[in-house]
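Quick look at start-v8.txt (compact mmCIF, C-alpha atoms):
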```txt
# COMPACT_ATOMS: atom_id res chain seq x y z
CA MET V 1 104.53 -18.82 103.52
CA SER V 2 108.23 -18.44 104.20
CA GLY V 3 109.83 -15.63 102.22
CA ALA V 4 106.49 -14.17 101.10
CA VAL V 5 106.37 -10.40 100.67
CA ALA V 6 104.08 -8.74 103.19
CA SER V 7 100.98 -6.97 101.93
CA VAL V 8 99.74 -3.69 103.39
CA GLU V 9 96.16 -2.67 102.72
CA VAL V 10 95.73 1.09 102.45
CA TRP V 11 92.29 2.70 102.66
CA ARG V 12 91.59 6.40 102.05
CA PHE V 13 88.40 7.90 103.48
CA PRO V 14 86.94 11.37 102.91
CA LEU V 15 85.86 12.93 106.18
CA ASP V 16 83.64 15.75 104.88
CA LEU V 17 80.39 13.76 105.02
CA PRO V 18 76.86 15.04 105.67
CA ALA V 19 75.58 14.89 109.24
CA PRO V 20 73.19 11.91 108.75
CA GLU V 21 76.00 9.78 107.31
CA VAL V 22 78.30 10.79 110.16
CA GLU V 23 75.73 9.72 112.75
CA ARG V 24 75.13 6.42 110.94
CA LEU V 25 78.82 5.66 111.14
CA ALA V 26 79.11 6.86 114.73
CA GLY V 27 76.74 4.10 115.76
CA VAL V 28 79.58 1.55 115.66
CA LEU V 29 81.89 3.42 118.06
CA ASP V 30 82.55 1.85 121.45
CA ALA V 31 82.00 3.59 124.79
CA ARG V 32 85.58 4.90 125.00
CA GLU V 33 85.40 6.40 121.51
CA ARG V 34 82.00 7.97 122.17
CA GLU V 35 83.39 9.61 125.29
CA ARG V 36 86.41 10.94 123.41
CA ARG V 37 84.19 12.28 120.65
CA ALA V 38 81.89 14.01 123.14
CA GLY V 39 84.91 15.74 124.69
CA LEU V 40 85.89 17.42 121.40
CA ARG V 41 84.64 21.01 121.34
CA ASP V 42 84.97 21.69 117.62
CA PRO V 43 82.15 20.18 115.48
CA GLY V 44 84.60 19.51 112.65
CA HIS V 45 86.89 17.58 114.97
CA ARG V 46 83.94 15.53 116.24
CA ARG V 47 82.89 14.74 112.66
CA ARG V 48 86.36 13.71 111.56
CA PHE V 49 86.91 11.60 114.67
CA ALA V 50 83.60 9.76 114.22
CA VAL V 51 84.12 8.99 110.54
CA SER V 52 87.77 7.92 110.76
CA HIS V 53 87.34 5.69 113.81
CA ALA V 54 84.05 4.19 112.65
CA ARG V 55 85.44 3.25 109.26
CA THR V 56 88.50 1.76 110.93
CA ARG V 57 86.12 -0.44 112.91
CA LEU V 58 84.28 -1.44 109.75
CA VAL V 59 87.52 -2.62 108.13
CA LEU V 60 88.76 -4.40 111.26
CA GLY V 61 85.40 -6.07 111.79
CA GLU V 62 85.48 -7.40 108.25
CA ARG V 63 88.98 -8.83 108.75
CA LEU V 64 88.26 -10.30 112.19
CA GLY V 65 84.82 -11.64 111.32
CA VAL V 66 82.96 -9.74 114.03
CA PRO V 67 80.47 -6.85 114.00
CA PRO V 68 82.38 -3.55 113.92
CA ALA V 69 80.86 -2.36 117.19
CA LEU V 70 82.26 -5.48 118.90
CA VAL V 71 85.88 -5.04 117.78
CA ARG V 72 87.89 -4.87 121.00
CA LEU V 73 91.01 -2.71 121.05
CA ARG V 74 93.98 -2.82 123.38
CA PHE V 75 96.64 -0.14 123.74
CA GLY V 76 100.43 -0.11 123.96
CA PRO V 77 102.54 1.96 126.40
CA HIS V 78 102.21 5.12 124.29
CA GLY V 79 98.61 4.57 123.25
CA LYS V 80 99.05 2.63 120.01
CA PRO V 81 95.89 0.55 119.49
CA PHE V 82 95.73 -3.03 118.26
CA PRO V 83 92.87 -5.50 117.91
CA ASP V 84 92.36 -7.94 120.76
CA GLY V 85 92.70 -11.32 119.04
CA GLY V 86 95.20 -13.37 117.08
CA THR V 87 98.86 -13.96 117.83
CA GLY V 88 102.16 -13.80 115.96
CA ALA V 89 101.79 -14.00 112.18
CA GLY V 90 98.02 -14.24 112.53
CA ARG V 91 97.60 -10.91 114.33
CA TRP V 92 96.29 -7.91 112.45
CA HIS V 93 98.08 -4.60 112.96
CA PHE V 94 96.73 -1.23 111.87
CA SER V 95 97.55 2.45 111.90
CA LEU V 96 95.23 5.41 111.33
CA SER V 97 96.10 8.97 110.37
CA HIS V 98 94.01 11.92 109.28
CA SER V 99 94.71 15.49 108.27
CA GLY V 100 92.26 18.00 106.88
CA ASP V 101 89.36 16.05 105.42
CA LEU V 102 91.29 12.90 104.50
CA ALA V 103 91.89 9.80 106.61
CA VAL V 104 94.28 6.98 105.71
CA LEU V 105 94.16 3.53 107.29
CA ALA V 106 96.94 0.95 106.87
CA LEU V 107 96.38 -2.69 107.77
CA CYS V 108 98.90 -5.55 107.81
CA GLU V 109 98.81 -9.13 109.06
CA GLY V 110 101.80 -10.23 111.11
CA ARG V 111 103.93 -7.05 111.07
CA GLU V 112 103.66 -3.77 112.94
CA VAL V 113 102.60 -0.95 110.61
CA GLY V 114 102.55 2.83 110.80
CA VAL V 115 100.97 5.35 108.46
CA ASP V 116 100.94 9.14 108.37
CA VAL V 117 99.22 11.70 106.16
CA GLU V 118 99.62 15.46 106.31
CA GLU V 119 97.72 18.23 104.56
CA VAL V 120 99.92 20.58 102.52
CA ARG V 121 99.55 24.08 103.98
CA PRO V 122 101.79 26.71 102.33
CA GLU V 123 101.96 28.90 105.44
CA ARG V 124 104.25 26.42 107.20
CA ASP V 125 107.86 27.58 107.61
CA ALA V 126 109.34 24.37 106.19
CA VAL V 127 112.96 25.53 106.05
CA ARG V 128 113.06 26.69 109.66
CA PHE V 129 111.35 23.54 110.91
CA ALA V 130 113.67 21.23 108.97
CA ALA V 131 116.77 23.10 110.15
CA ARG V 132 115.70 22.66 113.77
CA TRP V 133 114.65 19.01 113.71
CA PHE V 134 116.02 17.11 110.71
CA PRO V 135 119.56 15.80 110.02
CA PRO V 136 121.72 18.30 108.05
CA GLU V 137 121.46 16.45 104.72
CA GLU V 138 117.67 16.40 104.93
CA SER V 139 117.29 20.02 106.05
CA ALA V 140 119.56 21.13 103.18
CA TRP V 141 117.37 19.19 100.73
CA VAL V 142 114.27 20.98 102.02
CA ALA V 143 115.93 24.40 101.76
CA GLY V 144 117.24 23.62 98.27
CA GLY V 145 113.80 23.21 96.75
CA GLU V 146 111.82 25.86 94.95
CA GLU V 147 109.60 27.91 97.25
CA PRO V 148 106.29 26.14 96.40
CA ASP V 149 107.90 22.71 96.83
CA ARG V 150 109.65 23.24 100.18
CA VAL V 151 106.59 22.45 102.28
CA ARG V 152 105.93 19.25 100.33
CA ARG V 153 109.58 18.18 100.73
CA CYS V 154 109.43 18.80 104.45
CA LEU V 155 106.21 16.86 104.79
CA ARG V 156 107.60 13.97 102.76
CA LEU V 157 110.34 13.55 105.36
CA TRP V 158 108.00 14.23 108.28
CA THR V 159 105.49 11.58 107.21
CA ARG V 160 108.23 8.99 106.68
CA LYS V 161 109.55 9.63 110.19
CA GLU V 162 106.13 9.59 111.80
CA ALA V 163 105.16 6.39 109.97
CA CYS V 164 108.26 4.68 111.42
CA VAL V 165 107.52 5.99 114.92
CA LYS V 166 103.90 4.85 114.73
CA ALA V 167 104.98 1.41 113.54
CA ALA V 168 107.24 1.23 116.59
CA GLY V 169 104.51 2.48 118.91
CA GLY V 170 106.71 5.35 120.10
CA ARG V 171 106.49 9.14 120.30
CA LEU V 172 107.29 11.42 117.39
CA VAL V 173 109.81 13.59 119.23
CA ARG V 174 112.09 10.55 119.45
CA GLY V 175 111.97 10.00 115.70
CA LEU V 176 112.47 13.45 114.18
CA GLY V 177 116.17 12.72 113.77
CA LEU V 178 115.62 9.43 111.93
CA PRO V 179 117.59 9.54 108.63
CA VAL V 180 114.78 8.67 106.21
CA GLY V 181 116.51 9.87 103.04
CA THR V 182 115.38 12.21 100.28
CA GLY V 183 115.00 9.87 97.30
CA PRO V 184 111.64 8.55 96.07
CA ARG V 185 112.28 4.82 96.51
CA PRO V 186 111.27 2.74 99.54
CA ARG V 187 114.19 2.50 101.93
CA VAL V 188 115.31 0.76 105.10
CA VAL V 189 115.64 3.09 108.09
CA HIS V 190 117.89 2.26 111.05
CA GLY V 191 117.15 4.05 114.30
CA PRO V 192 119.91 5.69 116.40
CA PRO V 193 120.91 4.30 119.82
CA GLY V 194 118.29 6.39 121.62
CA PHE V 195 115.56 5.07 119.35
CA PRO V 196 116.57 1.57 118.26
CA GLY V 197 114.77 -0.30 115.54
CA THR V 198 114.64 -0.97 111.81
CA TRP V 199 111.82 -0.02 109.46
CA THR V 200 111.03 -0.19 105.77
CA VAL V 201 109.25 2.98 104.66
CA ALA V 202 107.62 4.07 101.40
CA ASP V 203 105.75 7.14 100.21
CA LEU V 204 102.01 6.93 99.57
CA PRO V 205 100.26 8.80 96.76
CA ALA V 206 97.81 11.02 98.64
CA GLY V 207 96.61 13.50 96.01
CA PRO V 208 97.59 17.14 95.40
CA ALA V 209 96.52 18.36 98.86
CA HIS V 210 98.28 15.76 101.03
CA VAL V 211 101.55 13.87 101.53
CA GLY V 212 101.70 10.40 103.04
CA ALA V 213 103.99 7.51 103.98
CA VAL V 214 103.67 3.96 105.33
CA ALA V 215 106.26 1.94 107.28
CA LEU V 216 106.60 -1.63 108.51
CA CYS V 217 108.92 -2.85 111.24
CA ASP V 218 112.12 -4.66 110.10
CA ALA V 219 113.99 -4.58 106.80
CA ARG V 220 111.83 -6.94 104.74
CA PRO V 221 110.12 -5.46 101.67
CA PHE V 222 106.36 -5.12 101.35
CA ARG V 223 103.77 -4.25 98.74
CA VAL V 224 100.89 -1.80 99.08
CA ARG V 225 97.36 -2.75 98.07
CA ASP V 226 95.27 0.36 97.49
CA ARG V 227 91.82 -0.78 98.55
CA THR V 228 90.19 2.58 97.88
CA ALA V 229 91.18 2.44 94.21
CA ALA V 230 89.57 -0.99 94.03
CA GLY V 231 86.21 0.56 94.89
CA SER V 232 86.12 -0.39 98.57
CA ALA V 233 85.88 3.11 99.99
CA ASP V 234 83.04 2.14 102.30
CA PRO V 235 83.54 -1.40 103.69
CA GLY V 236 80.33 -1.06 105.60
CA ARG V 237 78.22 -1.29 102.46
CA GLY V 238 78.79 -4.83 101.28
```
Re-express the file's structure as structure tokens.
Amino acid sequence: MSGAVASVEVWRFPLDLPAPEVERLAGVLDARERERRAGLRDPGHRRRFAVSHARTRLVLGERLGVPPALVRLRFGPHGKPFPDGGTGAGRWHFSLSHSGDLAVLALCEGREVGVDVEEVRPERDAVRFAARWFPPEESAWVAGGEEPDRVRRCLRLWTRKEACVKAAGGRLVRGLGLPVGTGPRPRVVHGPPGFPGTWTVADLPAGPAHVGAVALCDARPFRVRDRTAAGSADPGRG
């Protein structure tokens, strides 16, 4: 419908599952994903990879009307995946991010989407990082916060930038200078000449241990549908 506000589905998945549940989910991975998982040395990394990618397949399979193991993915120039099927406004776009034991999946029909989530770790030197990579106004905002809040401020900006970059299918180093603002409201972000584009970005509630953001390409507004809160944390079970 012309002029309709886009809807972004957001799913949150815990990744700290028992081994039998992990292996049940891993059964829907394709050959490429199984190979990538096997190449991960750390057992925790293998577990998180299996759960996050399998549950992404469960959601995509539900939307595309195919078994999750048969969802075919294609990849952009910098590795951004997208489902093979549908065109234009009928194509589903998705973005997956995980940090610590939380994964976040964003799904949108007809518009490129990017999502990022980061675990809050107090040992990060937020002020130094922001001063090196962020625009002056943003780095000053990070430094001006109280000590416990500086890391969260830095991650709020970081996740907004990375969500925009992932929506564009680019690389993060090109987007660290994006002026994403310090206020809490959704905002339109215009990329500099070296990284052209326009995105609408909004923060995502991610709990006390994480910070998150979601972005869609172009300046049109969108609404977020929190599917996890609706009781759909495991789309593979009915």
Legend entry - Distance criterion (all atoms listed in the file): nearest to Pro67 (chain V) out of V:Gly194, V:Gly44, V:Gly27, V:Gly183: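 Checking each candidate against Pro67 (chain V), we get V:Gly27 as the closest.
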Hey, which bits of region 60-154 of chain V sit within 12 Å of region 3-19 of chain V, and for each residue what's the closest pair of atoms and how far apart in Å (one decimal), counting all atoms listed in the file, rows by chain and increasing number, as JSON lines?
```
{"residue": "V:Leu60", "atom": "CA", "partner": "V:Glu9", "partner_atom": "CA", "distance": 11.4}
{"residue": "V:Arg63", "atom": "CA", "partner": "V:Glu9", "partner_atom": "CA", "distance": 11.2}
{"residue": "V:Ala89", "atom": "CA", "partner": "V:Ala6", "partner_atom": "CA", "distance": 10.7}
{"residue": "V:Trp92", "atom": "CA", "partner": "V:Val8", "partner_atom": "CA", "distance": 10.6}
{"residue": "V:His93", "atom": "CA", "partner": "V:Val8", "partner_atom": "CA", "distance": 9.8}
{"residue": "V:Phe94", "atom": "CA", "partner": "V:Glu9", "partner_atom": "CA", "distance": 9.3}
{"residue": "V:Ser95", "atom": "CA", "partner": "V:Val10", "partner_atom": "CA", "distance": 9.7}
{"residue": "V:Leu96", "atom": "CA", "partner": "V:Trp11", "partner_atom": "CA", "distance": 9.5}
{"residue": "V:Ser97", "atom": "CA", "partner": "V:Arg12", "partner_atom": "CA", "distance": 9.8}
{"residue": "V:His98", "atom": "CA", "partner": "V:Leu15", "partner_atom": "CA", "distance": 8.8}
{"residue": "V:Ser99", "atom": "CA", "partner": "V:Leu15", "partner_atom": "CA", "distance": 9.4}
{"residue": "V:Gly100", "atom": "CA", "partner": "V:Leu15", "partner_atom": "CA", "distance": 8.2}
{"residue": "V:Asp101", "atom": "CA", "partner": "V:Leu15", "partner_atom": "CA", "distance": 4.7}
{"residue": "V:Leu102", "atom": "CA", "partner": "V:Pro14", "partner_atom": "CA", "distance": 4.9}
{"residue": "V:Ala103", "atom": "CA", "partner": "V:Phe13", "partner_atom": "CA", "distance": 5.1}
{"residue": "V:Val104", "atom": "CA", "partner": "V:Arg12", "partner_atom": "CA", "distance": 4.6}
{"residue": "V:Leu105", "atom": "CA", "partner": "V:Trp11", "partner_atom": "CA", "distance": 5.1}
{"residue": "V:Ala106", "atom": "CA", "partner": "V:Val10", "partner_atom": "CA", "distance": 4.6}
{"residue": "V:Leu107", "atom": "CA", "partner": "V:Glu9", "partner_atom": "CA", "distance": 5.1}
{"residue": "V:Cys108", "atom": "CA", "partner": "V:Val8", "partner_atom": "CA", "distance": 4.9}
{"residue": "V:Glu109", "atom": "CA", "partner": "V:Ser7", "partner_atom": "CA", "distance": 7.8}
{"residue": "V:Gly110", "atom": "CA", "partner": "V:Ala6", "partner_atom": "CA", "distance": 8.4}
{"residue": "V:Arg111", "atom": "CA", "partner": "V:Ala6", "partner_atom": "CA", "distance": 8.1}
{"residue": "V:Glu112", "atom": "CA", "partner": "V:Val8", "partner_atom": "CA", "distance": 10.3}
{"residue": "V:Val113", "atom": "CA", "partner": "V:Val8", "partner_atom": "CA", "distance": 8.2}
{"residue": "V:Gly114", "atom": "CA", "partner": "V:Val8", "partner_atom": "CA", "distance": 10.3}
{"residue": "V:Val115", "atom": "CA", "partner": "V:Val10", "partner_atom": "CA", "distance": 9.0}
{"residue": "V:Asp116", "atom": "CA", "partner": "V:Val10", "partner_atom": "CA", "distance": 11.3}
{"residue": "V:Val117", "atom": "CA", "partner": "V:Arg12", "partner_atom": "CA", "distance": 10.2}
```
Cut-off 7 Å: closest region 144-196 of chain V/region 126-135 of chain V atom pairs per residue, using all atoms listed in the file, as CSV:
```
residue,atom,partner,partner_atom,distance
V:Arg150,CA,V:Ala126,CA,6.1
V:Val151,CA,V:Ala126,CA,5.2
V:Cys154,CA,V:Ala126,CA,5.8
V:Leu176,CA,V:Trp133,CA,6.0
V:Gly177,CA,V:Phe134,CA,5.4
V:Pro179,CA,V:Pro135,CA,6.7
```
Legend entry - Exercise: residues within 8 Å of coordinate (99.4, 17.2, 101.8), counting only C-alpha atoms, as a ChimeraX atom specification: /V:117-121,152,155,206-212
Inset, instruction - Identify, on the basis of all atoms listed in the file, every residue whose closest approach to Phe195 (chain V) does not exceed 12 Å; exclude the query and any residue fewer than 6 positions from it along the same chain; express the result as a list in words. - result: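 Here the qualifying residues turn out to be Lys161, Cys164, Val165, Ala168, Gly169, Gly170, Arg171, Leu172, Val173, Arg174, Gly175, Leu176, Gly177, Leu178, Pro179 and Val189 of chain V.
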Inset, instruction - Find the distance between CA of Gly197 (chain V) and CA of Glu162 (chain V) and write it in Å to one decimal. - result: 13.7 Å
